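So the structure is just underneath, and the comments pick up after that.
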Amino acid sequence: MTATTRPAAPAASRTCAGPPQAPARTTRSVGLVGWGAIGRVVGRALAEGAVPGAALACVVDNRVLGSDCPAPQLGFEDALQRCDLIVEAAGQAVVREWGERVLRSGTDLLIASTGALTDAGLFVRLRDAGPGRVYFTGGAVGGLDLLQAVRGLGPLDEVRLTTTKLPSTLEQPWMDERLLARLRTAEAPVEVMTGTARDVPAKFPRSTNVAASVALAVGDLDRVTVRVVADPAATRTRHLIEASGSHGAYRFEVEHRPDPANPATSQVVPHAVLRSLAALAGRTGQIL
């Protein structure tokens with residue numbers, strides 16, 4: 001019997017494509033609106049490359065900034081042509097005036113002045129506008145991610161926020177002489193106002209964005225009770241969040257140093273904005 005020989009199997013390929021390559025990461029072109037206590041910290045950090053994947057393309061401000069500004073100063077319309085992400089760090093009025101226009105242009109928008117969103121109509125318009133996407137930064141308070149997650153279990157029964165600041169940072173044009181005198185002569189904590197997260201941020205547009213941020217996380221402006229306290233001994237700004245429902249109870253308390261250039265805001269706020277920018281730019285290792 002004649003032996004037959006099987007054909008040899010083809011030799012295994014010795015070439016290997018290796019692990020799949022990650023797609024090239026694009027750099028976000030950032031337009032910064034506002035060159036105040038928040039904007040200066042954010043802008044300089046971006047200009048120094050502190051947020052990989054994000055570059056400062058321009059600054060928008062209604063003042064002439066000169067050589068202090070590390071990027072070209074442009075008008076809003078020109079900024080929309082140059083940028084794919086606008087960072088608002090200039091106050092609630094900017095959100096009201098320009099928010100929808102930014103999103104309709106296809107540019108994303110990161111909002112620091114969340115107090116503007118207590119206007120329910122504006123919130124709906126921004127949420128539904130596009131093709132740009134709208135984002136909010138948590139600012140001076142933590143725990144918002146957990147409160148937002150808890151919404152999946154059902155509504156909270158009670159949410160309370162107590163904000164305590166120096167009396168001078170809480171003075172407002174609408175206050176009468178009696179209330180102003182109480183603030184200016186206080187030797188102990190003074191309750192300035194109690195209301196909902198719908199009411200209070202409108203009365204303190206530079207001091208209570210935290211109230212609106214908590215309400216955005218909870219999903220209900222009227223469920224959040226806000227108490228504003230003036231304390232002449234408050235070397236730090238304090239925010240206490242207390243929330244409870246059938247599924248759990250939550251308490252978050254923070255104390256921050258006020259920003260020396262603008263005591264109405266906390267030093268940490270621009271760094272919260274930078275953290276949000278890092279997440280939007282795709283930095284790995286971010287807590288989302």
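The way I read the labels, and the way they are meant: chains A, B, ... in the order of the structure tokens, residue 1 as the first residue of every chain, and ligand 1 as the first ligand shown, with later ones counted on from there.
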Residue set, region 66-197 of chain A restricted to helix (DSSP H, G or I), as a ChimeraX atom specification: /A:66-68,76-82,92-104,114-118,120-128,144-153,167-169,177-185
Test item: residues at most 12 Å from Phe204 (chain A), only C-alpha atoms, excluding those fewer than 3 positions along its chain, as a ChimeraX atom specification: /A:91-92,113,115-116,118,163,165,169-175,192-195,197-201,207-212,226-228,264-265
Write out the residues from the selection above, keeping C-alpha atoms, as a PDB file, in the first residue's frame.
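After the write, result06.pdb holds the following:
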ATOM      1  CA  GLY A  91     -22.858  85.850  35.382  1.00  0.00           C
ATOM      2  CA  GLN A  92     -26.462  84.881  34.831  1.00  0.00           C
ATOM      3  CA  SER A 113     -23.811  80.651  36.694  1.00  0.00           C
ATOM      4  CA  GLY A 115     -28.703  80.422  39.002  1.00  0.00           C
ATOM      5  CA  ALA A 116     -29.931  81.533  35.580  1.00  0.00           C
ATOM      6  CA  THR A 118     -34.189  78.987  37.923  1.00  0.00           C
ATOM      7  CA  THR A 163     -25.661  78.824  52.835  1.00  0.00           C
ATOM      8  CA  LYS A 165     -21.533  83.915  54.039  1.00  0.00           C
ATOM      9  CA  THR A 169     -21.261  89.589  50.219  1.00  0.00           C
ATOM     10  CA  LEU A 170     -25.032  89.302  50.599  1.00  0.00           C
ATOM     11  CA  GLU A 171     -26.034  92.958  50.310  1.00  0.00           C
ATOM     12  CA  GLN A 172     -28.441  93.505  47.394  1.00  0.00           C
ATOM     13  CA  PRO A 173     -30.083  96.553  45.756  1.00  0.00           C
ATOM     14  CA  TRP A 174     -33.583  95.320  46.652  1.00  0.00           C
ATOM     15  CA  MET A 175     -32.884  95.325  50.416  1.00  0.00           C
ATOM     16  CA  VAL A 192     -31.419  86.917  55.505  1.00  0.00           C
ATOM     17  CA  MET A 193     -33.910  84.904  53.488  1.00  0.00           C
ATOM     18  CA  THR A 194     -35.655  81.547  53.321  1.00  0.00           C
ATOM     19  CA  GLY A 195     -37.352  80.316  50.167  1.00  0.00           C
ATOM     20  CA  ALA A 197     -34.353  77.231  44.882  1.00  0.00           C
ATOM     21  CA  ARG A 198     -36.666  78.924  42.382  1.00  0.00           C
ATOM     22  CA  ASP A 199     -36.824  82.149  44.421  1.00  0.00           C
ATOM     23  CA  VAL A 200     -33.513  82.628  46.213  1.00  0.00           C
ATOM     24  CA  PRO A 201     -30.973  82.646  43.328  1.00  0.00           C
ATOM     25  CA  SER A 207     -24.035  84.377  45.763  1.00  0.00           C
ATOM     26  CA  THR A 208     -26.447  81.447  45.493  1.00  0.00           C
ATOM     27  CA  ASN A 209     -25.698  79.531  42.296  1.00  0.00           C
ATOM     28  CA  VAL A 210     -25.269  76.536  44.600  1.00  0.00           C
ATOM     29  CA  ALA A 211     -29.020  76.546  45.265  1.00  0.00           C
ATOM     30  CA  ALA A 212     -29.765  76.199  41.569  1.00  0.00           C
ATOM     31  CA  VAL A 226     -32.887  77.386  50.788  1.00  0.00           C
ATOM     32  CA  ARG A 227     -31.843  79.340  53.870  1.00  0.00           C
ATOM     33  CA  VAL A 228     -29.365  82.216  53.459  1.00  0.00           C
ATOM     34  CA  ALA A 264     -19.098  86.519  46.829  1.00  0.00           C
ATOM     35  CA  THR A 265     -17.594  83.403  45.231  1.00  0.00           C
TER      36      THR A 265
END
Spatial neighbours of Gly106 (chain A), 12 Å, only C-alpha atoms, chain gap at least 5 places, as number ranges by chain: A: 80-86, 99-101, 129-134
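The coordinates place CA of Thr162 (chain A) at 28.7 Å from CA of Gln286 (chain A).
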Strand (DSSP E or B) residues, from DSSP on the backbone, in region 44-276 of chain A, as number ranges by chain: A: 54-60, 73, 85-88, 108-111, 134-136, 158-165, 190-196, 224-230, 237-245, 248-256, 258-259, 262-266
Length of the CA of Leu183 (chain A) to CA of Val229 (chain A) vector [Å]: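 Separation of CA of Leu183 (chain A) and CA of Val229 (chain A): 9.9 Å.
For region 33-39 of chain A, the set of protein, DNA and RNA residues having any atom at most 8 Å away, when counting only C-alpha atoms and skipping those fewer than 6 positions along the same chain, is Val59, Val60, Asp61, Ile86, Val87, Glu88, Ala89, Ala90, Asp259, Ala261, Asn262, Val269 and Pro270 of chain A.
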Coordinates-based distance that separates CA of Ala234 (chain A) from CA of Glu187 (chain A) (Å, one decimal): 11.2 Å
Tell me which protein, DNA and RNA residues are within 8 Å of Leu240 (chain A), counting only C-alpha atoms, leaving out same-chain ones fewer than 2 positions away, and put them as a PDB file with N, CA, C and O atoms, in the first residue's frame.
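And here's around.pdb as it stands now:
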ATOM      1  N   ARG A 160     -32.836  70.342  51.863  1.00  0.00           N
ATOM      2  CA  ARG A 160     -32.581  71.640  52.483  1.00  0.00           C
ATOM      3  C   ARG A 160     -31.142  72.063  52.212  1.00  0.00           C
ATOM      4  O   ARG A 160     -30.219  71.256  52.305  1.00  0.00           O
ATOM      5  N   LEU A 161     -30.976  73.328  51.878  1.00  0.00           N
ATOM      6  CA  LEU A 161     -29.653  73.914  51.701  1.00  0.00           C
ATOM      7  C   LEU A 161     -29.540  75.134  52.603  1.00  0.00           C
ATOM      8  O   LEU A 161     -30.391  76.026  52.554  1.00  0.00           O
ATOM      9  N   THR A 162     -28.496  75.164  53.417  1.00  0.00           N
ATOM     10  CA  THR A 162     -28.193  76.337  54.232  1.00  0.00           C
ATOM     11  C   THR A 162     -26.856  76.898  53.771  1.00  0.00           C
ATOM     12  O   THR A 162     -25.839  76.199  53.818  1.00  0.00           O
ATOM     13  N   THR A 163     -26.872  78.145  53.297  1.00  0.00           N
ATOM     14  CA  THR A 163     -25.661  78.824  52.835  1.00  0.00           C
ATOM     15  C   THR A 163     -25.334  79.951  53.795  1.00  0.00           C
ATOM     16  O   THR A 163     -26.199  80.780  54.098  1.00  0.00           O
ATOM     17  N   ARG A 238     -19.897  78.597  53.904  1.00  0.00           N
ATOM     18  CA  ARG A 238     -20.374  77.256  54.254  1.00  0.00           C
ATOM     19  C   ARG A 238     -21.645  76.914  53.475  1.00  0.00           C
ATOM     20  O   ARG A 238     -22.539  77.754  53.328  1.00  0.00           O
ATOM     21  N   GLU A 242     -28.879  68.872  53.115  1.00  0.00           N
ATOM     22  CA  GLU A 242     -29.502  67.746  53.816  1.00  0.00           C
ATOM     23  C   GLU A 242     -30.683  67.272  52.984  1.00  0.00           C
ATOM     24  O   GLU A 242     -31.560  68.057  52.631  1.00  0.00           O
ATOM     25  N   ARG A 251     -26.242  63.843  53.557  1.00  0.00           N
ATOM     26  CA  ARG A 251     -25.808  65.101  54.162  1.00  0.00           C
ATOM     27  C   ARG A 251     -24.419  65.431  53.624  1.00  0.00           C
ATOM     28  O   ARG A 251     -23.503  64.599  53.680  1.00  0.00           O
ATOM     29  N   PHE A 252     -24.277  66.636  53.088  1.00  0.00           N
ATOM     30  CA  PHE A 252     -22.992  67.098  52.563  1.00  0.00           C
ATOM     31  C   PHE A 252     -22.738  68.491  53.133  1.00  0.00           C
ATOM     32  O   PHE A 252     -23.606  69.356  53.064  1.00  0.00           O
ATOM     33  N   GLU A 253     -21.546  68.688  53.658  1.00  0.00           N
ATOM     34  CA  GLU A 253     -21.208  69.997  54.210  1.00  0.00           C
ATOM     35  C   GLU A 253     -19.813  70.386  53.732  1.00  0.00           C
ATOM     36  O   GLU A 253     -18.879  69.586  53.807  1.00  0.00           O
ATOM     37  N   VAL A 254     -19.694  71.617  53.225  1.00  0.00           N
ATOM     38  CA  VAL A 254     -18.400  72.104  52.748  1.00  0.00           C
ATOM     39  C   VAL A 254     -18.155  73.493  53.308  1.00  0.00           C
ATOM     40  O   VAL A 254     -19.090  74.245  53.597  1.00  0.00           O
TER      41      VAL A 254
END
Contact residues around Leu153 (chain A) with only C-alpha atoms at 12 Å, ignoring same-chain residues under 6 positions, as a VMD selection string: chain A and resid 146 to 147 218 244 to 248
